[in-house]
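Read through the structure below, which is laid out as structure tokens, and then see the notes.
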Amino acid sequence: MATCTCGEGRPGPSGKLRVRVELLQGTLDMLILKALSGGPLHGYGVARWLQFVTDGALLVEEGSLYPALHRLARKGQVQAEWGISEHNRRAKFYTLTPAGRQQLQTEARGWSDLSRVIARVMDAEPAPSGSG
Amino acid sequence: MGGTGRDPLGPGSLRWRTGRERPEDEVAEEFAHHLDSLRHDLVAQGMSPDEARVEAFRRFGNVERLSRETEMIDRDAIGRRRRSERVGAFFRELRLSARALRRSPGFSVAAVLTLGLGLGATTAIYALLDAVVLRPLPYPEAERLVQVGSLLPGLGADQRWGMSEAGYYHFREHARAFESLGMMSTMEVTVTGDFEATRVRAGVVTASLFQVLGVTPALGRAFQDEEEREDGPRTAILGWDYWQTRFGGEPVVGRTIEVFGAPREIVGVMGEGVHLPTQRVDLWLPQVTDPARSPVNYHWVSAVGRLRSGVDIEAAAAEAGHLTGRFTTVFPEAYSDGFIEEYGFSTYVSSLHREVVGPTGRTLWVLLGSVSLVLVIAVANVANLFLVRVEARRREVAVRGALGADRNDLALHFLGESALVAAGALAVAFAFALVLIRALVATAPPGFPRLDQVGITSGSVVATLLAALVVAVGFGFGPLLRSTPSGVPEGGSRFTTSRGRRAVRGAFVVTQTALAVVLLAAAGLMLQSHRHLRAVEPGFDPAGAVTFQLSIPSASYPSWTSTFEFHRELIARIEALPGVATAGITTGLPPVTPSGCAALAFEDRPMQPGEQPPCESGAMASPDLFRTLGMRISGTPSGWTEMATGSAGVVVTRAFADRFWPGQDPIGKGLRGNGDTPPFYRVVGVVEGVRAHGIDEPPSRIVYFPLLPIEGAPLWVPPRSVHVVVRSEGPPPITLVPALRGVVAALDPDIAVASPRTMGEVVAGSEAMTRRSFLLVILAVAGSMALLLSAIGLFGVISYMVAQRRQELGIRLALGADGRRVRGLVVRQSMTLVAVGLVLGMACALVGTRTLTSLLFEVSPTDPLTLGAVSLVLLGTAALASWLPARRASRIDPMRAMRTE
């Protein structure tokens with residue numbers, strides 16, 4: 001279920017080389033919550049927004065958004081409602097609930113802490129071998 | 001969840017609402033939307049439709065797997081939501097129910113107490129019955145254990161006798177039905193050793209008894225056959241508790257203790273909790289017997305057998321009958337055809353469990369029956385309360401129904417109410433049961449078997465919980481069935497209530513009244529019996545006398561003379577104590593003289609050949625016994641000097657004299673036991689109306705022999721186990737006990753004073769009294785509970801009836817009926833119900849109280865006085881219970897009554 005979407009190292013539609021990105025467990029949830037923080041979206045909208053902001057670098061298997069969305073609904077972090085899409089079709093729209101907004105904040109903070117720490121490690125001088 | 005839409009999984013609200021939630025449809029629609037949109041965008045970016053379709057599916061992933069996963073999440077979410085809704089609804093209704101109950105504290109308290117007391121009483125009695133009667137005896141395969149003994153209907157229809165020693169050995173050798181056969185009896189013994197003398201109950205058993213019971217000592221070994229012989233090794237086995245308390249659980253096997261002053265080697269310690277089937281014992285001693293002893297027609301052996309597996313009691317009894325038939329040929333010196341014919345001698349085989357439980361089982365079943373009746377009354381009462389309550393709330397129910405509450409909500413509400421009542425009742429029930437059990441165990445008559453095992457067991461807890469559950473569900477749904485919100489209020493006018501409902505309530509009142517009558521009648525009869533018993537003139541004066549028991553060892557007092565001298569010295573020293581008026585000794589203390597009889601010969605009625613000698617009770621007595629017991633005596637009992645010189649006479653009871661010398665003066669007549677040739681003992685005194693075998697028995701026929709036999713007419717064995725009676729000169733007799741202990745210890749430190757009690761306690765504690773007082777207490781409690789409950793029930797029903805007929809009664813009053821007439825109307829109506837219940841109850845009582853017949857004393861089960869009194873009490877209570885509502889009825893203000901609806 002953790003959606004591991006790996007770029008394949010070949011030129012994408014934009015012509016750039018795709019970066020390989022591994023999604024950590026639970027990270028997709030955070031991305032979805034982030035996507036919804038701007039307002040209600042249907043599942044397809046979430047997929048398109050993710051593609052847009054990552055410039056296609058994050059190639060998610062789009063269908064895997066749905067189990068994640070429904071799980072978030074079960075947890076009460078998003079709320080689903082049928083509505084009419086821009087193409088005048090029935091589509092299910094997802095809205096962030098207060099609990100979801102809370103969750104997004106928590107996770108964003110955790111993520112930035114984590115990435116800062118990791119960045120510091122990666123920027124540091126490696127220890128000389130033999131210690132001395 | 002929640003928020004704007006009520007459903008977390010999204011609206012489609014109509015579908016949710018109708019309850020048809022189909023996750024697969026929703027997911028399919030959502031996926032289709034995604035794929036179509038993606039394809040559409042790809043085409044817009046320049047792909048061909050076919051390429052776009054393939055690319056869309058590729059980017060989306062495995063549709064089938066993903067939709068399955070998503071649907072599962074949805075189903076799970078739906079389930080969770082439903083569950084939490086249901087729980088939420090339950091608690092919401094429970095809160096409503098609790099509030100409703102709080103609003104009517106009278107109803108709640110009455111219902112909880114009524115049910116709680118009823119359930120509690122039933123639980124307590126059930127616990128008692130379970131421990132005492134239902135549980136099997138604590139031995140392996142206990143259903144194979146039987147008692148074997150003799151019946152001599154010619155001597156007493158209901159009495160059971162032991163086997164003769166000869167018969168026992170004959171059975172051991174020839175009976176095929178038994179795997180093993182053993183003897184058991186108990187006796188109080190004095191144990192000395194490295195510590196002060198203690199008195200303990202010993203089980204005296206044959207080596208084979210351990211095989212019969214299937215028990216083995218926890219330490220050491222069991223008895224061996226040679227220990228049964230007169231010249232065999234003297235051994236003893238300690239009971240577990242005795243070992244723990246007296247010897248601190250130290251290694252004792254091989255040590256020596258003295259029993260009645262004679263040393264015995266401890267060869268084992270019995271396992272924890274192992275006792276005789278009949279009694280707890282602290283010490284086990286081998287029974288000394290001798291198969292070679294010449295057969296005697298003396299039935300003292302209490303025999304217990306273990307049936308071979310597969311052999312039933314009937315088969316064993318048939319074989320016993322066959323073997324008994326051979327006694328006259330095998331033991332002609334002990335069993336003559338005449339004896340067997342005259343006394344109807346036979347051998348019985350009966351389940352040991354039944355023999356141990358005995359008449360107690362019957363008593364307990366009677367008790368369980370009566371408390372169950374109380375429970376039924378309680379349940380009927382509470383059911384009635386619920387019904388009345390539902391009736392009163394019909395409008396509320398109807399309104400809630402009309403406002404959209406569905407049947408489930410209403411069911412939950414009523415279920416909540418009854419669940420709360422049942423829970424409260426359970427708490428009351430267990431508390432009450434614990435108290436009651438303690439009280440019952442404390443007041444139970446002596447000899448009540450297996451009381452130490454009584455307690456609330458998991459079984460009775462489960463039974464009580466089940467009963468409460470049934471009650472809760474019944475009361476919860478009962479009202480619902482009767483109050484289906486079938487449209488809007490039937491409550492508009494209350495002129496009419498359906499005949500059916502009224503009949504149900506009427507039936508409740510009738511049933512309660514009838515049950516109360518049965519219980520009250522039983523209690524009344526027991527009370528009468530008790531009163532009669534207390535009024536019985538026992539033939540002696542218990543007030544001011546104290547008694548204790550004493551056993552002296554045959555090792556130290558081997559002969560008649562040494563025994564006699566001990567007793568003579570003992571009485572002399574006791575009578576010298578300050579505060580003592582007189583003292584006496586006897587082997588047969590009234591009213592607890594053991595039954596049993598000795599063959600007697602009379603000087604003035606020589607035996608015909610083949611005739612059986614009369615068999616009568618005998619006891620031995622010291623000179624002052626009769627005065628000490630306050631008996632009315634004519635003639636002069638022999639004194640110590642006459643006894644010592646072998647010239648003493650006997651004292652007989654008036655009943656004895658009337659039987660053998662009707663219309664003659666018995667003084668000077670000659671009789672003897674243990675032989676039929678001169679010399680004879682002369683009758684020197686007659687005591688009046690002594691009830692020696694029980695206060696509830698007719699005056700006994702007894703001969704009191706002297707403590708020392710006269711020359712040429714030996715008695716049986718020296719009286720080494722005796723009751724000492726001491727009459728006080730003024731101080732409360734029980735205060736003499738320490739001084740009495742001192743006298744005994746000074747005379748012989750190896751002898752212990754056992755069970756000192758006042759004579760009043762002996763009488764009150766005798767079986768005749770306790771058997772009845774125990775039952776009386778319970779029946780009285782049950783009866784008054786029943787009376788109170790039915791009064792409450794009647795009060796409730798009549799009050800409700802009055803409330804229902806407010807308008808009608810108001811109109812009557814407005815039209816000029818006076819208060820008295822209205823009151824009469826109401827009272828008449830309730831009294832009609834009560835009268836029907838009374839008649840019905842009397843009919844039941846006439847049948848039911850017959851089970852009490854054996855416990856009644858000088859009262860017929862149909863005693864008109866008792867039944868009349870019961871009827872009066874009941875009618876009085878009923879009149880009182882309906883008077884208050886009737887008065888309320890007559891004070892209805894017609895104007896207000898008619899305006900209220």
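By order of appearance in the structure tokens: chains A, B, ..., then residues from 1 within every chain, and ligands from 1 in the order shown.
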For chain A against chain B, which residues fall within 9 Å using only C-alpha atoms, given as a short mmCIF file (atom, residue, chain, number, x, y, z; two decimals) with all heavy atoms, in the first residue's frame?
```cif
data_model
loop_
_atom_site.label_atom_id
_atom_site.label_comp_id
_atom_site.auth_asym_id
_atom_site.auth_seq_id
_atom_site.Cartn_x
_atom_site.Cartn_y
_atom_site.Cartn_z
N HIS A 42 -11.49 16.35 -6.46
CA HIS A 42 -11.77 14.93 -6.62
C HIS A 42 -10.45 14.20 -6.80
O HIS A 42 -9.38 14.84 -6.89
CB HIS A 42 -12.75 14.65 -7.75
CG HIS A 42 -12.48 15.39 -9.01
ND1 HIS A 42 -11.30 15.29 -9.70
CD2 HIS A 42 -13.25 16.28 -9.69
CE1 HIS A 42 -11.34 16.06 -10.76
NE2 HIS A 42 -12.52 16.70 -10.79
N GLY A 43 -10.50 12.86 -6.83
CA GLY A 43 -9.28 12.06 -6.87
C GLY A 43 -8.42 12.43 -8.06
O GLY A 43 -7.19 12.57 -7.94
N TYR A 44 -9.06 12.62 -9.22
CA TYR A 44 -8.29 12.95 -10.43
C TYR A 44 -7.59 14.29 -10.24
O TYR A 44 -6.43 14.44 -10.63
CB TYR A 44 -9.23 13.00 -11.63
CG TYR A 44 -8.52 13.25 -12.94
CD1 TYR A 44 -7.61 12.30 -13.44
CD2 TYR A 44 -8.71 14.42 -13.66
CE1 TYR A 44 -6.94 12.52 -14.62
CE2 TYR A 44 -8.05 14.66 -14.85
CZ TYR A 44 -7.15 13.69 -15.34
OH TYR A 44 -6.49 13.94 -16.50
N GLY A 45 -8.29 15.22 -9.60
CA GLY A 45 -7.70 16.53 -9.32
C GLY A 45 -6.46 16.41 -8.45
O GLY A 45 -5.45 17.08 -8.69
N LEU A 59 6.09 10.11 -9.93
CA LEU A 59 5.13 9.41 -10.77
C LEU A 59 4.37 8.42 -9.90
O LEU A 59 4.83 7.32 -9.66
CB LEU A 59 5.84 8.71 -11.92
CG LEU A 59 4.93 8.32 -13.06
CD1 LEU A 59 4.30 9.55 -13.70
CD2 LEU A 59 5.67 7.52 -14.09
N VAL A 60 3.23 8.89 -9.42
CA VAL A 60 2.43 8.03 -8.56
C VAL A 60 1.56 7.14 -9.43
O VAL A 60 1.02 7.58 -10.43
CB VAL A 60 1.54 8.89 -7.65
CG1 VAL A 60 0.64 8.03 -6.81
CG2 VAL A 60 2.40 9.76 -6.78
N GLU A 61 1.42 5.88 -9.03
CA GLU A 61 0.43 5.01 -9.69
C GLU A 61 -0.90 5.60 -9.27
O GLU A 61 -1.30 5.52 -8.10
CB GLU A 61 0.60 3.59 -9.15
CG GLU A 61 -0.22 2.56 -9.89
CD GLU A 61 -0.01 1.18 -9.29
OE1 GLU A 61 -0.26 1.03 -8.07
OE2 GLU A 61 0.42 0.27 -10.01
N GLU A 62 -1.59 6.26 -10.19
CA GLU A 62 -2.66 7.15 -9.78
C GLU A 62 -3.79 6.46 -9.02
O GLU A 62 -4.38 7.01 -8.09
CB GLU A 62 -3.20 7.90 -11.01
CG GLU A 62 -2.15 8.83 -11.57
CD GLU A 62 -2.63 9.61 -12.77
OE1 GLU A 62 -3.84 9.56 -13.06
OE2 GLU A 62 -1.78 10.29 -13.39
N GLY A 63 -4.06 5.20 -9.40
CA GLY A 63 -5.15 4.49 -8.73
C GLY A 63 -4.90 4.30 -7.24
O GLY A 63 -5.84 4.19 -6.45
N SER A 64 -3.62 4.29 -6.84
CA SER A 64 -3.35 4.05 -5.42
C SER A 64 -3.73 5.24 -4.56
O SER A 64 -3.70 5.16 -3.34
CB SER A 64 -1.88 3.69 -5.23
OG SER A 64 -1.09 4.79 -5.62
N TYR A 66 -6.68 6.23 -4.36
CA TYR A 66 -8.05 5.99 -3.86
C TYR A 66 -8.09 5.24 -2.54
O TYR A 66 -8.78 5.66 -1.60
CB TYR A 66 -8.91 5.34 -4.94
CG TYR A 66 -9.21 6.37 -6.00
CD1 TYR A 66 -8.43 6.48 -7.13
CD2 TYR A 66 -10.24 7.29 -5.80
CE1 TYR A 66 -8.66 7.47 -8.07
CE2 TYR A 66 -10.48 8.28 -6.74
CZ TYR A 66 -9.70 8.36 -7.87
OH TYR A 66 -9.93 9.35 -8.76
N PRO A 67 -7.36 4.09 -2.41
CA PRO A 67 -7.35 3.47 -1.08
C PRO A 67 -6.90 4.47 -0.02
O PRO A 67 -7.46 4.52 1.07
CB PRO A 67 -6.33 2.34 -1.22
CG PRO A 67 -6.32 2.03 -2.67
CD PRO A 67 -6.62 3.31 -3.40
N ALA A 68 -5.90 5.30 -0.36
CA ALA A 68 -5.40 6.27 0.62
C ALA A 68 -6.48 7.28 0.98
O ALA A 68 -6.71 7.58 2.16
CB ALA A 68 -4.17 6.97 0.07
N LEU A 69 -7.18 7.77 -0.05
CA LEU A 69 -8.24 8.75 0.21
C LEU A 69 -9.34 8.15 1.10
O LEU A 69 -9.83 8.77 2.05
CB LEU A 69 -8.85 9.22 -1.12
CG LEU A 69 -8.10 10.35 -1.82
CD1 LEU A 69 -8.59 10.49 -3.27
CD2 LEU A 69 -8.31 11.67 -1.07
N HIS A 70 -9.73 6.94 0.75
CA HIS A 70 -10.83 6.32 1.51
C HIS A 70 -10.41 6.01 2.95
O HIS A 70 -11.21 6.08 3.87
CB HIS A 70 -11.31 5.05 0.80
CG HIS A 70 -12.16 5.37 -0.39
ND1 HIS A 70 -13.42 4.89 -0.57
CD2 HIS A 70 -11.91 6.15 -1.46
CE1 HIS A 70 -13.92 5.35 -1.71
NE2 HIS A 70 -13.01 6.12 -2.28
N ARG A 71 -9.12 5.68 3.10
CA ARG A 71 -8.63 5.42 4.45
C ARG A 71 -8.68 6.72 5.26
O ARG A 71 -9.05 6.72 6.43
CB ARG A 71 -7.21 4.88 4.39
CG ARG A 71 -6.94 3.80 5.41
CD ARG A 71 -5.59 3.15 5.18
NE ARG A 71 -5.61 2.22 4.07
CZ ARG A 71 -4.77 2.26 3.01
NH1 ARG A 71 -3.86 3.21 2.93
NH2 ARG A 71 -4.86 1.36 2.06
N ALA A 73 -10.69 9.09 4.77
CA ALA A 73 -12.10 9.35 5.07
C ALA A 73 -12.52 8.55 6.30
O ALA A 73 -13.24 9.04 7.17
CB ALA A 73 -12.96 8.98 3.87
N ARG A 74 -12.06 7.28 6.33
CA ARG A 74 -12.44 6.44 7.47
C ARG A 74 -11.88 7.02 8.76
O ARG A 74 -12.51 6.94 9.80
CB ARG A 74 -11.91 5.03 7.24
CG ARG A 74 -12.43 4.02 8.23
CD ARG A 74 -11.96 2.64 7.91
NE ARG A 74 -10.51 2.55 7.99
CZ ARG A 74 -9.82 1.45 7.68
NH1 ARG A 74 -10.46 0.38 7.26
NH2 ARG A 74 -8.52 1.42 7.76
N LYS A 75 -10.68 7.60 8.66
CA LYS A 75 -10.08 8.19 9.86
C LYS A 75 -10.69 9.54 10.21
O LYS A 75 -10.35 10.13 11.24
CB LYS A 75 -8.56 8.35 9.67
CG LYS A 75 -7.80 7.05 9.83
CD LYS A 75 -6.31 7.29 10.02
CE LYS A 75 -5.64 7.43 8.65
NZ LYS A 75 -4.15 7.45 8.76
N GLY A 76 -11.54 10.05 9.31
CA GLY A 76 -12.18 11.32 9.62
C GLY A 76 -11.30 12.52 9.30
O GLY A 76 -11.59 13.63 9.73
N GLN A 77 -10.21 12.31 8.51
CA GLN A 77 -9.35 13.45 8.19
C GLN A 77 -9.81 14.15 6.92
O GLN A 77 -9.51 15.33 6.70
CB GLN A 77 -7.89 13.00 8.07
CG GLN A 77 -7.37 12.51 9.42
CD GLN A 77 -5.98 11.94 9.34
OE1 GLN A 77 -5.35 11.92 8.30
NE2 GLN A 77 -5.50 11.45 10.46
N VAL A 78 -10.50 13.45 6.09
CA VAL A 78 -11.14 14.10 4.94
C VAL A 78 -12.60 13.67 4.93
O VAL A 78 -12.98 12.69 5.57
CB VAL A 78 -10.50 13.73 3.58
CG1 VAL A 78 -9.01 14.02 3.59
CG2 VAL A 78 -10.78 12.28 3.24
N GLN A 79 -13.36 14.47 4.16
CA GLN A 79 -14.77 14.14 4.08
C GLN A 79 -15.12 14.08 2.60
O GLN A 79 -14.70 14.94 1.81
CB GLN A 79 -15.53 15.23 4.78
CG GLN A 79 -16.98 14.93 4.95
CD GLN A 79 -17.69 16.18 5.38
OE1 GLN A 79 -17.20 16.91 6.24
NE2 GLN A 79 -18.80 16.45 4.76
N ALA A 80 -15.89 13.04 2.27
CA ALA A 80 -16.17 12.85 0.83
C ALA A 80 -17.60 13.25 0.53
O ALA A 80 -18.49 13.02 1.36
CB ALA A 80 -15.93 11.39 0.47
N GLU A 81 -17.79 13.81 -0.63
CA GLU A 81 -19.15 14.19 -1.00
C GLU A 81 -19.26 14.17 -2.53
O GLU A 81 -18.37 14.62 -3.24
CB GLU A 81 -19.44 15.60 -0.48
CG GLU A 81 -20.90 15.90 -0.35
CD GLU A 81 -21.15 16.98 0.68
OE1 GLU A 81 -20.16 17.49 1.26
OE2 GLU A 81 -22.31 17.31 0.92
N TRP A 82 -20.37 13.63 -2.98
CA TRP A 82 -20.56 13.60 -4.44
C TRP A 82 -20.92 15.01 -4.92
O TRP A 82 -21.69 15.70 -4.30
CB TRP A 82 -21.65 12.62 -4.85
CG TRP A 82 -21.20 11.19 -4.74
CD1 TRP A 82 -21.41 10.38 -3.70
CD2 TRP A 82 -20.46 10.47 -5.70
NE1 TRP A 82 -20.85 9.17 -3.92
CE2 TRP A 82 -20.24 9.19 -5.17
CE3 TRP A 82 -19.94 10.78 -6.98
CZ2 TRP A 82 -19.55 8.20 -5.85
CZ3 TRP A 82 -19.25 9.79 -7.65
CH2 TRP A 82 -19.04 8.49 -7.07
N HIS A 87 -16.27 18.77 -15.94
CA HIS A 87 -16.81 18.23 -17.19
C HIS A 87 -18.27 17.86 -17.05
O HIS A 87 -18.78 17.04 -17.82
CB HIS A 87 -15.99 17.02 -17.63
CG HIS A 87 -14.57 17.36 -17.91
ND1 HIS A 87 -14.18 18.26 -18.89
CD2 HIS A 87 -13.42 16.96 -17.32
CE1 HIS A 87 -12.88 18.39 -18.88
NE2 HIS A 87 -12.37 17.60 -17.93
N ARG A 89 -19.70 16.05 -14.83
CA ARG A 89 -19.96 14.64 -14.48
C ARG A 89 -20.02 14.50 -12.98
O ARG A 89 -19.49 15.34 -12.23
CB ARG A 89 -18.82 13.77 -15.00
CG ARG A 89 -18.93 13.44 -16.46
CD ARG A 89 -17.94 12.38 -16.81
NE ARG A 89 -18.12 11.16 -16.02
CZ ARG A 89 -17.48 10.04 -16.31
NH1 ARG A 89 -16.63 10.00 -17.31
NH2 ARG A 89 -17.67 8.96 -15.57
N ARG A 90 -20.70 13.45 -12.56
CA ARG A 90 -20.71 13.19 -11.12
C ARG A 90 -19.32 12.75 -10.66
O ARG A 90 -18.73 11.84 -11.27
CB ARG A 90 -21.70 12.07 -10.80
CG ARG A 90 -22.85 12.51 -9.90
CD ARG A 90 -23.95 11.48 -9.95
NE ARG A 90 -23.60 10.28 -9.16
CZ ARG A 90 -23.76 10.20 -7.83
NH1 ARG A 90 -24.22 11.22 -7.16
NH2 ARG A 90 -23.44 9.11 -7.19
N ALA A 91 -18.78 13.40 -9.64
CA ALA A 91 -17.47 13.01 -9.12
C ALA A 91 -17.49 13.18 -7.61
O ALA A 91 -18.26 13.97 -7.07
CB ALA A 91 -16.38 13.89 -9.74
N LYS A 92 -16.64 12.40 -6.99
CA LYS A 92 -16.60 12.47 -5.52
C LYS A 92 -15.53 13.47 -5.12
O LYS A 92 -14.36 13.31 -5.50
CB LYS A 92 -16.28 11.09 -4.96
CG LYS A 92 -16.81 10.88 -3.57
CD LYS A 92 -16.39 9.51 -3.08
CE LYS A 92 -17.51 8.81 -2.33
NZ LYS A 92 -17.10 7.45 -1.96
N PHE A 93 -15.93 14.50 -4.37
CA PHE A 93 -15.00 15.54 -3.95
C PHE A 93 -14.58 15.30 -2.50
O PHE A 93 -15.41 14.92 -1.67
CB PHE A 93 -15.66 16.91 -4.07
CG PHE A 93 -15.72 17.39 -5.49
CD1 PHE A 93 -16.75 16.97 -6.33
CD2 PHE A 93 -14.76 18.25 -6.00
CE1 PHE A 93 -16.80 17.39 -7.64
CE2 PHE A 93 -14.81 18.66 -7.31
CZ PHE A 93 -15.82 18.24 -8.15
N TYR A 94 -13.31 15.54 -2.27
CA TYR A 94 -12.80 15.34 -0.91
C TYR A 94 -12.43 16.69 -0.30
O TYR A 94 -11.84 17.54 -0.97
CB TYR A 94 -11.56 14.45 -0.93
CG TYR A 94 -11.89 13.04 -1.38
CD1 TYR A 94 -11.88 12.70 -2.72
CD2 TYR A 94 -12.26 12.08 -0.44
CE1 TYR A 94 -12.21 11.43 -3.13
CE2 TYR A 94 -12.58 10.79 -0.84
CZ TYR A 94 -12.57 10.47 -2.19
OH TYR A 94 -12.90 9.22 -2.59
N THR A 97 -11.06 17.90 6.70
CA THR A 97 -11.81 18.21 7.93
C THR A 97 -10.83 18.89 8.89
O THR A 97 -9.61 18.85 8.67
CB THR A 97 -12.33 16.93 8.59
OG1 THR A 97 -11.20 16.17 9.00
CG2 THR A 97 -13.18 16.11 7.64
#
```
Long-range neighbours of A:Leu50 as a short mmCIF file (atom, residue, chain, number, x, y, z; two decimals) with N, CA, C and O atoms, in the first residue's frame, 8 Å cut-off, only C-alpha atoms, 6 positions minimum in chain:
```cif
data_model
loop_
_atom_site.label_atom_id
_atom_site.label_comp_id
_atom_site.auth_asym_id
_atom_site.auth_seq_id
_atom_site.Cartn_x
_atom_site.Cartn_y
_atom_site.Cartn_z
N LEU A 31 0.91 14.04 1.43
CA LEU A 31 0.82 14.76 0.15
C LEU A 31 -0.63 15.02 -0.22
O LEU A 31 -0.98 16.09 -0.71
N ALA A 35 -2.52 18.44 -0.76
CA ALA A 35 -3.24 18.75 -1.99
C ALA A 35 -4.62 19.32 -1.68
O ALA A 35 -5.10 20.25 -2.35
N GLY A 56 6.06 16.40 -12.57
CA GLY A 56 6.08 15.06 -13.10
C GLY A 56 7.17 14.19 -12.51
O GLY A 56 7.33 13.04 -12.89
N LEU A 58 7.36 13.04 -9.55
CA LEU A 58 6.79 11.99 -8.68
C LEU A 58 5.74 11.27 -9.48
O LEU A 58 4.66 11.80 -9.72
#
```
### Message
With distances taken over only C-alpha atoms, which residue among B:Asp624, B:Glu228, B:Glu179, B:Glu808 lies nearest B:Gly639?
### Response
B:Asp624
### B:Leu420 surroundings by only C-alpha atoms, 12 Å radius, close-in-sequence under 4 positions cut, as a PyMOL selection string
chain B and resi 91+93-102+108-109+111-112+412-416+424-427+468-469+471-473+475-476
### Query
Any idea what's packed within 10 Å of B:Ser766, counting only C-alpha atoms, ignoring anything in its chain fewer than 2 positions away? Could you give it as a ChimeraX atom specification?
/B:445-446,590-592,693-695,760-764,768-771
### Message
Neighbouring residues of B:Leu840 were defined as those with any atom within 10 Å, considering only C-alpha atoms; residues of the same chain fewer than 4 positions away were excluded. Please report them as a ChimeraX atom specification.
### Response
/B:510-511,513-515,517-518,834-836,844-845
### Task
Write out as a ChimeraX atom specification which residues come within 8 Å of B:Val296 when counting only C-alpha atoms, dropping same-chain ones fewer than 5 positions away.
/B:164-166,333-334
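For the pair atom CA of B:Ser562 and atom CA of B:Pro719, the interatomic distance is 10.8 Å.
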Near-B:Ser647 list (12 Å; only C-alpha atoms; drop same-chain fewer than 3 positions) as a short mmCIF file (atom, residue, chain, number, x, y, z; two decimals) with N, CA and C atoms, in the first residue's frame:
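Contents of result02.cif, as written:
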```
data_model
loop_
_atom_site.label_atom_id
_atom_site.label_comp_id
_atom_site.auth_asym_id
_atom_site.auth_seq_id
_atom_site.Cartn_x
_atom_site.Cartn_y
_atom_site.Cartn_z
N PRO B 637 -35.67 -43.27 95.15
CA PRO B 637 -34.57 -43.89 94.40
C PRO B 637 -33.46 -44.34 95.32
N SER B 638 -32.75 -45.38 94.91
CA SER B 638 -31.68 -45.93 95.75
C SER B 638 -30.56 -44.93 95.91
N GLY B 639 -29.91 -44.96 97.08
CA GLY B 639 -28.80 -44.05 97.34
C GLY B 639 -27.47 -44.68 96.99
N TRP B 640 -26.38 -43.90 97.22
CA TRP B 640 -25.04 -44.39 96.89
C TRP B 640 -24.70 -45.65 97.66
N THR B 641 -25.08 -45.72 98.92
CA THR B 641 -24.72 -46.90 99.72
C THR B 641 -25.38 -48.15 99.17
N GLU B 642 -26.67 -48.02 98.83
CA GLU B 642 -27.36 -49.19 98.27
C GLU B 642 -26.72 -49.61 96.96
N MET B 643 -26.34 -48.60 96.14
CA MET B 643 -25.69 -48.96 94.89
C MET B 643 -24.37 -49.67 95.16
N ALA B 644 -23.59 -49.11 96.09
CA ALA B 644 -22.26 -49.66 96.36
C ALA B 644 -22.36 -51.08 96.91
N VAL B 650 -34.45 -50.10 90.57
CA VAL B 650 -34.53 -49.31 89.35
C VAL B 650 -35.66 -48.31 89.44
N PRO B 679 -31.72 -63.14 90.24
CA PRO B 679 -32.53 -62.11 90.90
C PRO B 679 -33.01 -61.01 89.95
N PHE B 680 -34.05 -60.32 90.39
CA PHE B 680 -34.58 -59.19 89.62
C PHE B 680 -34.30 -57.89 90.34
N TYR B 681 -34.26 -56.82 89.57
CA TYR B 681 -34.16 -55.48 90.17
C TYR B 681 -35.56 -55.06 90.61
N ARG B 682 -35.65 -54.47 91.79
CA ARG B 682 -36.95 -54.00 92.29
C ARG B 682 -37.21 -52.60 91.79
N VAL B 683 -38.44 -52.31 91.37
CA VAL B 683 -38.81 -50.93 91.03
C VAL B 683 -38.96 -50.16 92.33
N VAL B 684 -38.15 -49.08 92.48
CA VAL B 684 -38.22 -48.30 93.73
C VAL B 684 -38.81 -46.91 93.49
N PHE B 705 -31.36 -47.93 85.37
CA PHE B 705 -30.65 -48.89 86.21
C PHE B 705 -29.65 -48.15 87.08
N PRO B 706 -29.21 -48.78 88.18
CA PRO B 706 -28.18 -48.15 89.01
C PRO B 706 -26.82 -48.16 88.31
N LEU B 707 -25.87 -47.38 88.84
CA LEU B 707 -24.54 -47.30 88.24
C LEU B 707 -23.72 -48.57 88.47
N LEU B 708 -24.15 -49.37 89.45
CA LEU B 708 -23.45 -50.62 89.74
C LEU B 708 -24.50 -51.73 89.79
N PRO B 709 -24.28 -52.83 89.07
CA PRO B 709 -25.31 -53.89 89.03
C PRO B 709 -25.42 -54.61 90.38
N ILE B 710 -26.56 -55.23 90.58
CA ILE B 710 -26.70 -56.02 91.81
C ILE B 710 -26.11 -57.40 91.57
N GLU B 711 -25.82 -58.04 92.64
CA GLU B 711 -25.24 -59.38 92.59
C GLU B 711 -26.13 -60.32 91.78
N GLY B 712 -25.58 -61.04 90.80
CA GLY B 712 -26.34 -62.05 90.07
C GLY B 712 -27.12 -61.52 88.90
N ALA B 713 -27.21 -60.20 88.72
CA ALA B 713 -27.93 -59.66 87.57
C ALA B 713 -27.07 -58.61 86.88
#
```
